[in-house]
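S.K.: What follows is query.csv; its format and atoms are CSV, C-alpha atoms.
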```
chain,number,residue,atom,x,y,z
A,571,MET,CA,31.7,103.2,193.0
A,572,LYS,CA,33.9,100.3,193.7
A,573,ARG,CA,32.4,97.5,195.8
A,574,GLU,CA,33.4,97.6,199.4
A,575,HIS,CA,33.6,94.0,200.8
A,576,VAL,CA,34.3,93.8,204.5
A,577,PRO,CA,35.3,90.3,205.7
A,578,LEU,CA,34.6,89.3,209.3
A,579,PRO,CA,37.6,89.0,211.5
A,580,ARG,CA,37.7,85.8,213.6
A,581,THR,CA,36.7,86.2,217.2
A,582,ARG,CA,36.0,84.0,220.2
A,583,TYR,CA,33.2,84.0,222.7
A,584,GLY,CA,33.9,85.7,226.0
A,585,VAL,CA,37.2,87.4,225.0
A,586,ASN,CA,37.8,91.1,224.5
A,587,ILE,CA,38.4,92.6,221.1
A,588,LEU,CA,40.9,95.5,221.0
A,589,MET,CA,40.5,97.5,217.8
A,590,ASN,CA,40.9,101.2,217.3
A,591,GLU,CA,41.6,101.7,221.0
A,592,GLU,CA,38.1,100.5,221.9
A,593,THR,CA,38.0,97.5,224.2
A,594,ILE,CA,34.9,95.3,223.9
A,595,PHE,CA,34.0,92.5,226.3
A,596,ILE,CA,31.2,90.1,225.2
A,597,GLY,CA,29.7,87.3,227.3
A,598,PRO,CA,30.1,86.2,231.0
A,599,GLU,CA,33.4,88.1,231.3
A,600,ALA,CA,31.9,91.5,230.5
A,601,LEU,CA,30.7,92.6,233.9
A,602,PRO,CA,33.7,91.2,235.8
A,603,ALA,CA,35.8,93.2,233.4
A,604,LEU,CA,33.9,96.3,234.2
A,605,GLN,CA,34.4,95.6,237.9
A,606,THR,CA,38.2,95.4,237.4
A,607,LEU,CA,38.3,98.6,235.4
A,608,LEU,CA,36.3,100.6,238.0
A,609,ALA,CA,38.5,99.3,240.8
A,610,ARG,CA,41.6,101.0,239.4
A,611,PRO,CA,43.2,103.7,241.6
A,612,ALA,CA,43.0,106.2,238.7
A,613,VAL,CA,39.2,106.2,239.0
A,614,SER,CA,38.1,108.8,241.5
A,615,ARG,CA,34.3,108.3,241.4
A,616,VAL,CA,31.8,106.2,239.5
A,617,PHE,CA,28.4,107.5,238.2
A,618,VAL,CA,25.8,105.2,236.5
A,619,LEU,CA,23.4,106.7,234.0
A,620,VAL,CA,20.1,104.8,233.7
A,621,ASP,CA,16.7,105.5,232.4
A,622,ALA,CA,13.4,104.5,234.1
A,623,ASN,CA,13.4,101.1,232.4
A,624,THR,CA,17.0,100.1,233.1
A,625,ARG,CA,16.8,101.3,236.7
A,626,ARG,CA,14.0,98.9,237.2
A,627,TRP,CA,15.1,95.9,235.1
A,628,CYS,CA,18.9,96.0,234.7
A,629,TYR,CA,20.5,98.0,237.5
A,630,ASP,CA,20.2,95.1,240.1
A,631,VAL,CA,22.2,92.9,237.7
A,632,LEU,CA,24.9,95.5,237.4
A,633,ARG,CA,25.1,96.7,241.0
A,634,PRO,CA,27.2,93.8,242.4
A,635,TYR,CA,30.0,94.8,239.9
A,636,LEU,CA,30.0,98.5,241.0
A,637,PRO,CA,31.9,100.1,243.8
A,638,GLU,CA,29.7,100.6,246.9
A,639,ASN,CA,30.0,104.4,246.8
A,640,HIS,CA,28.8,104.8,243.2
A,641,HIS,CA,26.1,107.4,242.3
A,642,VAL,CA,23.1,106.8,240.1
A,643,ILE,CA,21.8,109.4,237.6
A,644,GLU,CA,18.3,108.7,236.2
A,645,MET,CA,16.8,110.1,233.0
A,646,ALA,CA,13.4,109.6,231.5
A,647,ALA,CA,13.1,106.7,229.0
A,648,GLY,CA,12.4,107.3,225.3
A,649,GLU,CA,13.8,108.9,222.2
A,650,GLU,CA,11.9,112.2,222.9
A,651,TYR,CA,14.3,112.7,225.9
A,652,LYS,CA,17.4,112.4,223.8
A,653,THR,CA,17.9,116.1,224.0
A,654,LEU,CA,20.3,118.8,225.3
A,655,THR,CA,17.8,119.4,228.1
A,656,SER,CA,18.5,115.9,229.4
A,657,CYS,CA,22.2,116.5,229.0
A,658,GLU,CA,21.9,119.7,231.2
A,659,ALA,CA,20.3,117.6,233.9
A,660,VAL,CA,23.2,115.1,233.8
A,661,TRP,CA,25.8,117.8,233.8
A,662,SER,CA,24.1,119.5,236.7
A,663,GLN,CA,24.2,116.4,238.8
A,664,LEU,CA,27.9,115.8,238.0
A,665,THR,CA,28.6,119.4,238.9
A,666,GLU,CA,26.7,119.4,242.1
A,667,ALA,CA,28.6,116.2,243.1
A,668,HIS,CA,31.9,118.1,242.5
A,669,THR,CA,32.9,115.5,239.9
A,670,ASP,CA,36.5,115.7,238.7
A,671,ARG,CA,38.1,114.6,235.4
A,672,HIS,CA,39.1,111.2,236.9
A,673,ALA,CA,35.5,110.1,237.3
A,674,VAL,CA,33.9,107.4,235.1
A,675,LEU,CA,30.3,107.5,233.8
A,676,VAL,CA,28.8,104.0,233.2
A,677,ASN,CA,25.9,104.2,230.7
A,678,LEU,CA,23.5,101.4,231.4
A,679,GLY,CA,20.8,101.3,228.7
A,680,GLY,CA,19.8,101.2,225.1
A,681,GLY,CA,20.8,103.5,222.2
A,682,VAL,CA,19.4,106.7,223.8
A,683,VAL,CA,21.3,106.2,227.1
A,684,THR,CA,24.6,105.1,225.5
A,685,ASP,CA,24.5,107.9,222.9
A,686,LEU,CA,23.5,110.6,225.3
A,687,GLY,CA,25.7,109.4,228.1
A,688,GLY,CA,28.7,109.2,225.9
A,689,PHE,CA,28.0,112.7,224.7
A,690,CYS,CA,27.7,114.1,228.2
A,691,ALA,CA,30.9,112.4,229.3
A,692,ALA,CA,32.8,113.6,226.2
A,693,LEU,CA,31.9,117.3,226.9
A,694,TYR,CA,31.9,117.4,230.7
A,695,LYS,CA,35.1,119.3,231.7
A,696,ARG,CA,36.4,118.6,228.2
A,697,GLY,CA,36.0,114.9,228.7
A,698,ILE,CA,35.7,112.2,231.4
A,699,ARG,CA,35.9,108.5,230.7
A,700,PHE,CA,32.8,106.5,230.1
A,701,VAL,CA,31.9,102.8,229.7
A,702,GLN,CA,29.0,101.5,227.7
A,703,VAL,CA,26.9,98.7,229.1
A,704,PRO,CA,24.3,98.2,226.5
A,705,THR,CA,21.0,96.5,227.5
A,706,THR,CA,19.2,96.3,224.2
A,707,LEU,CA,20.1,94.3,221.1
A,708,LEU,CA,20.3,97.5,219.0
A,709,ALA,CA,22.7,99.0,221.5
A,710,GLN,CA,24.8,95.8,221.8
A,711,VAL,CA,25.3,95.3,218.1
A,712,ASP,CA,25.4,98.9,217.0
A,713,ALA,CA,24.7,102.0,219.1
A,714,SER,CA,27.3,101.4,221.9
A,715,VAL,CA,30.1,100.4,219.5
A,716,GLY,CA,32.2,102.7,217.4
A,717,GLY,CA,32.5,105.9,219.4
A,718,LYS,CA,29.5,107.8,218.1
A,719,THR,CA,27.8,109.9,220.7
A,720,GLY,CA,25.1,112.6,220.4
A,721,VAL,CA,21.6,113.9,220.8
A,722,ASP,CA,18.6,114.9,218.7
A,723,PHE,CA,18.1,118.6,218.0
A,724,GLN,CA,15.1,120.5,216.6
A,725,GLY,CA,13.5,117.2,215.5
A,726,PHE,CA,16.6,115.8,213.6
A,727,LYS,CA,18.2,112.6,214.7
A,728,ASN,CA,21.7,112.8,216.2
A,729,GLN,CA,22.2,116.4,215.0
A,730,ILE,CA,24.5,117.3,217.8
A,731,GLY,CA,27.4,115.0,218.7
A,732,VAL,CA,31.0,114.0,218.8
A,733,PHE,CA,33.2,111.0,218.0
A,734,GLN,CA,34.6,109.8,221.3
A,735,GLU,CA,35.7,106.2,222.1
A,736,PRO,CA,34.5,104.7,225.4
A,737,ALA,CA,37.0,103.3,227.9
A,738,ALA,CA,35.2,99.9,227.3
A,739,VAL,CA,32.0,98.4,226.0
A,740,CYS,CA,30.7,95.6,228.2
A,741,ILE,CA,28.1,93.4,226.5
A,742,GLU,CA,26.2,91.0,228.6
A,743,PRO,CA,23.6,89.1,226.6
A,744,ARG,CA,21.6,88.3,229.7
A,745,PHE,CA,20.2,91.8,229.6
A,746,LEU,CA,18.2,90.8,226.4
A,747,GLN,CA,16.0,88.7,228.6
A,748,THR,CA,14.5,92.0,230.0
A,749,LEU,CA,13.3,93.1,226.5
A,750,GLU,CA,9.8,92.9,225.1
A,751,PRO,CA,9.7,91.3,221.6
A,752,ARG,CA,9.2,94.6,219.8
A,753,GLN,CA,12.5,96.0,221.3
A,754,LEU,CA,14.3,92.8,220.4
A,755,LYS,CA,13.1,93.0,216.8
A,756,ALA,CA,14.1,96.7,216.6
A,757,GLY,CA,17.7,95.7,217.3
A,758,TYR,CA,17.6,92.9,214.8
A,759,ALA,CA,17.2,95.4,212.0
A,760,GLU,CA,20.8,96.6,212.6
A,761,VAL,CA,22.0,93.0,212.5
A,762,VAL,CA,20.3,92.5,209.1
A,763,LYS,CA,21.9,95.8,207.9
A,764,HIS,CA,25.3,94.4,208.7
A,765,TRP,CA,24.6,91.3,206.6
A,766,LEU,CA,23.2,93.2,203.7
A,767,ILE,CA,26.2,95.6,203.4
A,768,ALA,CA,29.0,93.1,204.0
A,769,ASP,CA,28.0,89.4,204.5
A,770,ALA,CA,25.8,87.9,201.9
A,771,ASP,CA,26.4,84.4,203.3
A,772,ALA,CA,25.1,85.4,206.7
A,773,PHE,CA,22.0,86.9,205.2
A,774,ALA,CA,21.4,83.7,203.1
A,775,ARG,CA,21.9,81.5,206.1
A,776,ASN,CA,19.9,83.6,208.7
A,777,ARG,CA,17.0,84.7,206.5
A,778,ARG,CA,15.8,81.1,206.7
A,779,LEU,CA,16.0,81.0,210.5
A,780,GLY,CA,14.3,84.3,211.3
A,781,ILE,CA,14.6,86.1,214.6
A,782,PHE,CA,14.0,83.2,216.9
A,783,THR,CA,17.1,82.1,218.7
A,784,GLU,CA,18.0,80.9,222.2
A,785,ASP,CA,21.5,82.2,222.1
A,786,TRP,CA,22.1,85.7,220.7
A,787,THR,CA,25.8,85.7,221.6
A,788,PRO,CA,27.2,84.4,218.3
A,789,ILE,CA,25.0,87.0,216.4
A,790,ILE,CA,26.2,89.8,218.6
A,791,ARG,CA,29.8,88.7,218.3
A,792,GLU,CA,29.7,88.6,214.5
A,793,SER,CA,27.9,92.0,214.2
A,794,VAL,CA,30.3,93.7,216.6
A,795,ALA,CA,33.3,92.3,214.8
A,796,LEU,CA,31.9,93.4,211.4
A,797,LYS,CA,31.2,96.9,212.6
A,798,GLN,CA,34.6,97.2,214.3
A,799,ARG,CA,36.3,96.0,211.1
A,800,ILE,CA,34.7,99.0,209.3
A,801,VAL,CA,35.2,101.5,212.1
A,802,ALA,CA,38.9,100.6,212.5
A,803,GLN,CA,39.5,101.6,208.9
A,804,ASP,CA,37.4,104.8,209.1
A,805,PRO,CA,36.8,106.0,212.6
A,806,LEU,CA,35.5,109.5,211.7
A,807,GLU,CA,33.2,108.4,208.9
A,808,SER,CA,35.0,110.0,206.0
A,809,GLY,CA,34.4,107.1,203.7
A,810,LEU,CA,34.0,103.4,204.4
A,811,ARG,CA,32.1,103.8,207.6
A,812,LYS,CA,29.3,105.4,205.7
A,813,LEU,CA,28.4,101.8,204.7
A,814,LEU,CA,26.9,101.5,208.2
A,815,ASN,CA,24.2,104.1,207.2
A,816,PHE,CA,22.4,101.7,204.9
A,817,GLY,CA,18.7,102.1,205.6
A,818,HIS,CA,19.3,105.2,207.6
A,819,THR,CA,18.8,108.0,205.1
A,820,VAL,CA,15.2,107.1,204.5
A,821,GLY,CA,14.9,105.5,207.9
A,822,HIS,CA,16.0,108.6,209.8
A,823,ALA,CA,13.7,110.8,207.7
A,824,LEU,CA,10.7,108.5,208.5
A,825,GLU,CA,11.6,108.2,212.2
A,826,SER,CA,12.1,112.0,212.6
A,827,TYR,CA,8.8,112.8,210.8
A,828,LEU,CA,6.8,110.4,212.9
A,829,LEU,CA,8.4,111.8,216.1
A,830,THR,CA,6.6,115.1,215.3
A,831,GLN,CA,3.3,113.2,215.2
A,832,PRO,CA,2.2,112.4,218.7
A,833,GLY,CA,1.1,108.8,219.1
A,834,ARG,CA,2.7,107.7,215.8
A,835,GLU,CA,6.3,107.4,217.1
A,836,ILE,CA,8.2,104.3,216.0
A,837,LEU,CA,11.4,102.7,217.3
A,838,HIS,CA,14.7,103.4,215.5
A,839,GLY,CA,15.1,99.8,214.3
A,840,GLU,CA,11.5,99.8,212.8
A,841,ALA,CA,12.4,102.9,210.9
A,842,VAL,CA,15.7,101.4,209.7
A,843,ALA,CA,13.9,98.2,208.5
A,844,ALA,CA,11.5,100.4,206.4
A,845,GLY,CA,14.5,102.4,205.2
A,846,MET,CA,16.3,99.3,204.1
A,847,ILE,CA,13.4,98.3,201.9
A,848,CYS,CA,13.2,101.8,200.4
A,849,GLU,CA,16.9,101.9,199.8
A,850,THR,CA,17.0,98.3,198.4
A,851,TRP,CA,14.3,99.4,196.0
A,852,LEU,CA,16.5,102.5,195.0
A,853,SER,CA,19.4,100.0,194.4
A,854,TYR,CA,17.2,97.9,192.2
A,855,HIS,CA,15.8,101.0,190.4
A,856,ARG,CA,19.4,102.0,189.5
A,857,GLY,CA,20.3,98.6,188.2
A,858,LEU,CA,22.6,97.7,191.1
A,859,LEU,CA,20.4,94.9,192.4
A,860,SER,CA,18.3,92.2,190.7
A,861,ALA,CA,14.5,91.9,191.1
A,862,GLU,CA,15.1,88.5,192.9
A,863,GLU,CA,17.4,90.1,195.4
A,864,LEU,CA,14.9,92.9,196.0
A,865,ASP,CA,12.3,90.3,196.6
A,866,GLN,CA,14.5,88.4,199.1
A,867,VAL,CA,15.1,91.5,201.2
A,868,GLU,CA,11.5,92.6,201.1
A,869,THR,CA,10.1,89.1,202.0
A,870,PHE,CA,12.5,88.6,204.8
A,871,LEU,CA,12.1,92.1,206.4
A,872,PHE,CA,8.3,91.9,206.2
A,873,SER,CA,8.4,88.4,207.8
A,874,VAL,CA,10.0,90.1,210.9
A,875,PHE,CA,8.7,93.7,210.9
A,876,GLU,CA,5.2,95.2,210.6
A,877,LYS,CA,4.7,97.8,208.0
A,878,VAL,CA,5.2,101.4,209.1
A,879,GLN,CA,2.0,103.3,208.5
A,880,PHE,CA,1.8,106.7,206.7
A,881,ILE,CA,-0.2,108.1,203.9
A,882,THR,CA,1.1,108.9,200.4
A,883,LEU,CA,0.4,112.6,200.9
A,884,GLU,CA,3.1,112.6,203.6
A,885,THR,CA,5.9,111.3,201.4
A,886,GLU,CA,7.3,114.7,200.4
A,887,ALA,CA,7.2,115.9,204.0
A,888,ILE,CA,9.0,112.8,205.2
A,889,ALA,CA,11.6,113.2,202.4
A,890,GLU,CA,12.4,116.8,203.4
A,891,PHE,CA,13.9,115.5,206.6
A,892,ALA,CA,16.7,113.9,204.6
A,893,LEU,CA,18.0,117.4,203.7
A,894,GLN,CA,19.5,117.4,207.2
A,895,ASP,CA,21.2,114.0,206.9
A,896,LYS,CA,24.8,114.0,208.1
A,897,LYS,CA,26.2,112.2,205.1
A,898,ASN,CA,25.1,115.0,202.8
A,899,THR,CA,27.6,117.2,200.8
A,900,GLY,CA,26.2,120.7,200.4
A,901,SER,CA,22.8,120.2,198.8
A,902,THR,CA,23.5,116.7,197.6
A,903,ILE,CA,21.8,113.9,199.6
A,904,ASN,CA,24.2,111.0,199.9
A,905,CYS,CA,22.9,107.5,200.4
A,906,THR,CA,24.3,104.0,200.9
A,907,LEU,CA,22.9,101.5,198.5
A,908,LEU,CA,23.5,97.8,197.6
A,909,GLU,CA,25.4,96.6,194.6
A,910,GLY,CA,24.3,93.0,195.1
A,911,LEU,CA,23.5,91.4,198.5
A,912,GLY,CA,26.4,91.7,200.9
A,913,HIS,CA,28.0,94.6,199.0
A,914,GLY,CA,27.2,98.2,200.1
A,915,VAL,CA,28.3,101.2,198.1
A,916,PHE,CA,28.4,104.6,199.8
A,917,ASP,CA,28.1,108.3,198.6
A,918,GLN,CA,25.4,107.5,196.1
A,919,PRO,CA,23.6,110.8,195.3
A,920,VAL,CA,19.8,110.7,195.6
A,921,THR,CA,17.2,113.4,195.2
A,922,LEU,CA,14.1,114.3,197.3
A,923,THR,CA,12.1,112.8,194.5
A,924,ASP,CA,14.0,109.5,194.7
A,925,ILE,CA,13.3,109.3,198.4
A,926,ALA,CA,9.6,110.2,198.0
A,927,ASP,CA,9.3,107.6,195.2
A,928,SER,CA,10.9,104.9,197.4
A,929,LEU,CA,8.4,105.7,200.2
A,930,ARG,CA,5.5,105.5,197.8
A,931,TYR,CA,6.8,102.1,196.6
A,932,TYR,CA,7.0,101.0,200.2
A,933,HIS,CA,3.5,102.2,200.9
A,934,ARG,CA,2.1,100.1,198.0
A,935,LEU,CA,3.6,96.9,199.2
```
Could you express the structure from this file as structure tokens?

M.R.:
Amino acid sequence: MKREHVPLPRTRYGVNILMNEETIFIGPEALPALQTLLARPAVSRVFVLVDANTRRWCYDVLRPYLPENHHVIEMAAGEEYKTLTSCEAVWSQLTEAHTDRHAVLVNLGGGVVTDLGGFCAALYKRGIRFVQVPTTLLAQVDASVGGKTGVDFQGFKNQIGVFQEPAAVCIEPRFLQTLEPRQLKAGYAEVVKHWLIADADAFARNRRLGIFTEDWTPIIRESVALKQRIVAQDPLESGLRKLLNFGHTVGHALESYLLTQPGREILHGEAVAAGMICETWLSYHRGLLSAEELDQVETFLFSVFEKVQFITLETEAIAEFALQDKKNTGSTINCTLLEGLGHGVFDQPVTLTDIADSLRYYHRL
């Protein structure tokens, strides 16, 4: 597989990026831009989807930029509520309010809210417009960008969903001040993923700095630009966009398995961090990566993330969840690996044994 190197486009703080019909505002201009968009005559009504956390910590920041007659829809917080049942509750409230197709749904929250809200909007009356206002680092650098929407189904991550571009993504880094450290670190995993698949220099520079920073804006801006560079070339994930799944084949399997174990649930970013170590090891095992590079990735990720706990007897059961991975072709499990740091390669076939072996390797570390 040929190396896929994705250079970062140059961007500026506080300006909107227009790529692939998706308008993204980053910085102090983000919420005023939302206010302007919602004030257009073509917008009939405005609904705001929140969860219990963003209703408490973020809604008051957003409210001054909303029309006075907006309506709030609240869902429960947590991955376990990213389901069709929650969608039905949203659709019911839209229906009871006699919502037409000129309404706009503003999704204020992390990856669960932006994924589920985008999905609800995409399907309601065959589609109403929606705006993503991500409040977590994970959602700001990854989940809210790129037009992926969806919900979990029968224990499998994002099993039901559609590609649908939002009318805009409005990223206000101030919302990160509401996060506890664990949530912030979970989002950082997706930032590291971007470095490992496409920006070796950024990984080399930032692995010496760690997660502590006073200004997340430059990191958000670079991650968004990198993801948009990839998505613009492959919006429906038929090829290049699969690079963004690095760490997710094993990570999703681990996350999905632990969601079936009450009290053992982990955050998406924590699962991705573990998955990146496993898939980096698979890259080394196949001769695509040096032992030194493997050590650099492991050392850095373990300096930020705690080890995910499971027992070796669970590795086969965890690996089985990869059979439902969306990148698969028939019975072939396709994985994104690294051919050197900063160079991802997609559509790399792996077996259940490979995944179980990588989990056993992770367990021994």

S.K.: Where does region 733-800 of chain A meet region 616-636 of chain A within 12 Å, residue by residue, with the nearest atom pair and distance in Å to one decimal for each, counting only C-alpha atoms, listed by chain and rising number, as a Markdown table?

M.R.:
```
| residue | atom | partner | partner_atom | distance |
| --- | --- | --- | --- | --- |
| A:Cys740 | CA | A:Leu632 | CA | 10.9 |
| A:Ile741 | CA | A:Leu632 | CA | 11.6 |
| A:Glu742 | CA | A:Leu632 | CA | 10.0 |
| A:Pro743 | CA | A:Cys628 | CA | 11.6 |
| A:Arg744 | CA | A:Val631 | CA | 9.2 |
| A:Phe745 | CA | A:Cys628 | CA | 6.7 |
| A:Leu746 | CA | A:Cys628 | CA | 9.8 |
| A:Gln747 | CA | A:Trp627 | CA | 9.7 |
| A:Thr748 | CA | A:Trp627 | CA | 6.4 |
| A:Leu749 | CA | A:Trp627 | CA | 9.2 |
| A:Glu750 | CA | A:Asn623 | CA | 11.6 |
```

S.K.: Let me see the file: selected residues, C-alpha atoms, as an mmCIF file, keeping the file's coordinate frame.

M.R.:
```
data_model
loop_
_atom_site.group_PDB
_atom_site.id
_atom_site.type_symbol
_atom_site.label_atom_id
_atom_site.label_comp_id
_atom_site.auth_asym_id
_atom_site.auth_seq_id
_atom_site.Cartn_x
_atom_site.Cartn_y
_atom_site.Cartn_z
ATOM 1 C CA CYS A 740 30.700 95.600 228.200
ATOM 2 C CA ILE A 741 28.100 93.400 226.500
ATOM 3 C CA GLU A 742 26.200 91.000 228.600
ATOM 4 C CA PRO A 743 23.600 89.100 226.600
ATOM 5 C CA ARG A 744 21.600 88.300 229.700
ATOM 6 C CA PHE A 745 20.200 91.800 229.600
ATOM 7 C CA LEU A 746 18.200 90.800 226.400
ATOM 8 C CA GLN A 747 16.000 88.700 228.600
ATOM 9 C CA THR A 748 14.500 92.000 230.000
ATOM 10 C CA LEU A 749 13.300 93.100 226.500
ATOM 11 C CA GLU A 750 9.800 92.900 225.100
#
```

S.K.: Measuring atom to atom with all atoms listed in the file, identify which of A:Tyr931, A:Pro805, A:Ile789, A:Trp765 is nearest to Lys718 (chain A).

M.R.: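 Between A:Tyr931, A:Pro805, A:Ile789, A:Trp765, the residue approaching Lys718 (chain A) most closely is A:Pro805.
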
S.K.: With all atoms listed in the file as the basis for distance, which of A:Glu835, A:Glu638, A:Glu909, A:Glu849 is at the shortest distance from Ser928 (chain A)?

M.R.: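 Comparing A:Glu835, A:Glu638, A:Glu909, A:Glu849 against Ser928 (chain A), the winner is A:Glu849.
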
S.K.: Counting all atoms listed in the file, figure out which residue out of A:Val820, A:Ala737, A:Ala926, A:Ile781 gets nearest to Ile881 (chain A).

M.R.: A:Ala926

S.K.: In Å, rounded to a single decimal, give me how far CA of Asp917 (chain A) is from CA of Lys897 (chain A).

M.R.: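 Taking CA of Lys897 (chain A) as the start and CA of Asp917 (chain A) as the end point, the length is 7.8 Å.
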
S.K.: Of the candidates A:Ala823, A:Val874, A:Leu708, A:Ile594, which one gets nearest to Ala892 (chain A) if we count all atoms listed in the file?

M.R.: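 Closest residue, counting all atoms listed in the file: A:Ala823.
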
S.K.: May I have the protein, DNA and RNA residues with any atom at most 6 Å from the point (25.8, 114.9, 220.9), counting all atoms listed in the file, written as a count of residues only?

M.R.: 7

S.K.: Quick one: everything within 7 Å of region 859-863 of chain A, counting all atoms listed in the file, minus sequence neighbours fewer than 3 positions away in the same chain. Send it as a CSV table (one decimal) with C-alpha atoms, in the frame of the given file.

M.R.:
```
chain,number,residue,atom,x,y,z
A,853,SER,CA,19.4,100.0,194.4
A,854,TYR,CA,17.2,97.9,192.2
A,866,GLN,CA,14.5,88.4,199.1
A,867,VAL,CA,15.1,91.5,201.2
A,908,LEU,CA,23.5,97.8,197.6
A,909,GLU,CA,25.4,96.6,194.6
A,910,GLY,CA,24.3,93.0,195.1
A,911,LEU,CA,23.5,91.4,198.5
```

S.K.: Expressed in Å to a single decimal, how great is the separation between CA of Val794 (chain A) and CA of Ile836 (chain A)?

M.R.: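 About the pair CA of Val794 (chain A) and CA of Ile836 (chain A): they are 24.5 Å apart.
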
S.K.: Can you list, as a ChimeraX atom specification, every protein, DNA or RNA residue that comes within 7 Å of region 711-717 of chain A when you count all atoms listed in the file, leaving out same-chain residues fewer than 5 positions away?

M.R.: /A:681,684,702,704,733-736,739,760-761,790,793-794,798,801

S.K.: I need the residue nearest Lys695 (chain A) from this list: A:Leu929, A:Leu664, A:Val682, A:Leu601. Use all atoms listed in the file for the distance.

M.R.: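 Once distances to Lys695 (chain A) are computed over all atoms listed in the file, the minimum belongs to A:Leu664.
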
S.K.: Have a look at CA of Leu824 (chain A) and CA of Ala843 (chain A) and let me know their distance in Å, one decimal.

M.R.: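 Separation of CA of Leu824 (chain A) and CA of Ala843 (chain A): 10.8 Å.
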
S.K.: Which is closest to Ile847 (chain A) among A:Thr705, A:Gln894, A:Thr869, A:Asn728, if we use all atoms listed in the file?

M.R.: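 Among A:Thr705, A:Gln894, A:Thr869, A:Asn728, it is A:Thr869 that comes nearest to Ile847 (chain A).
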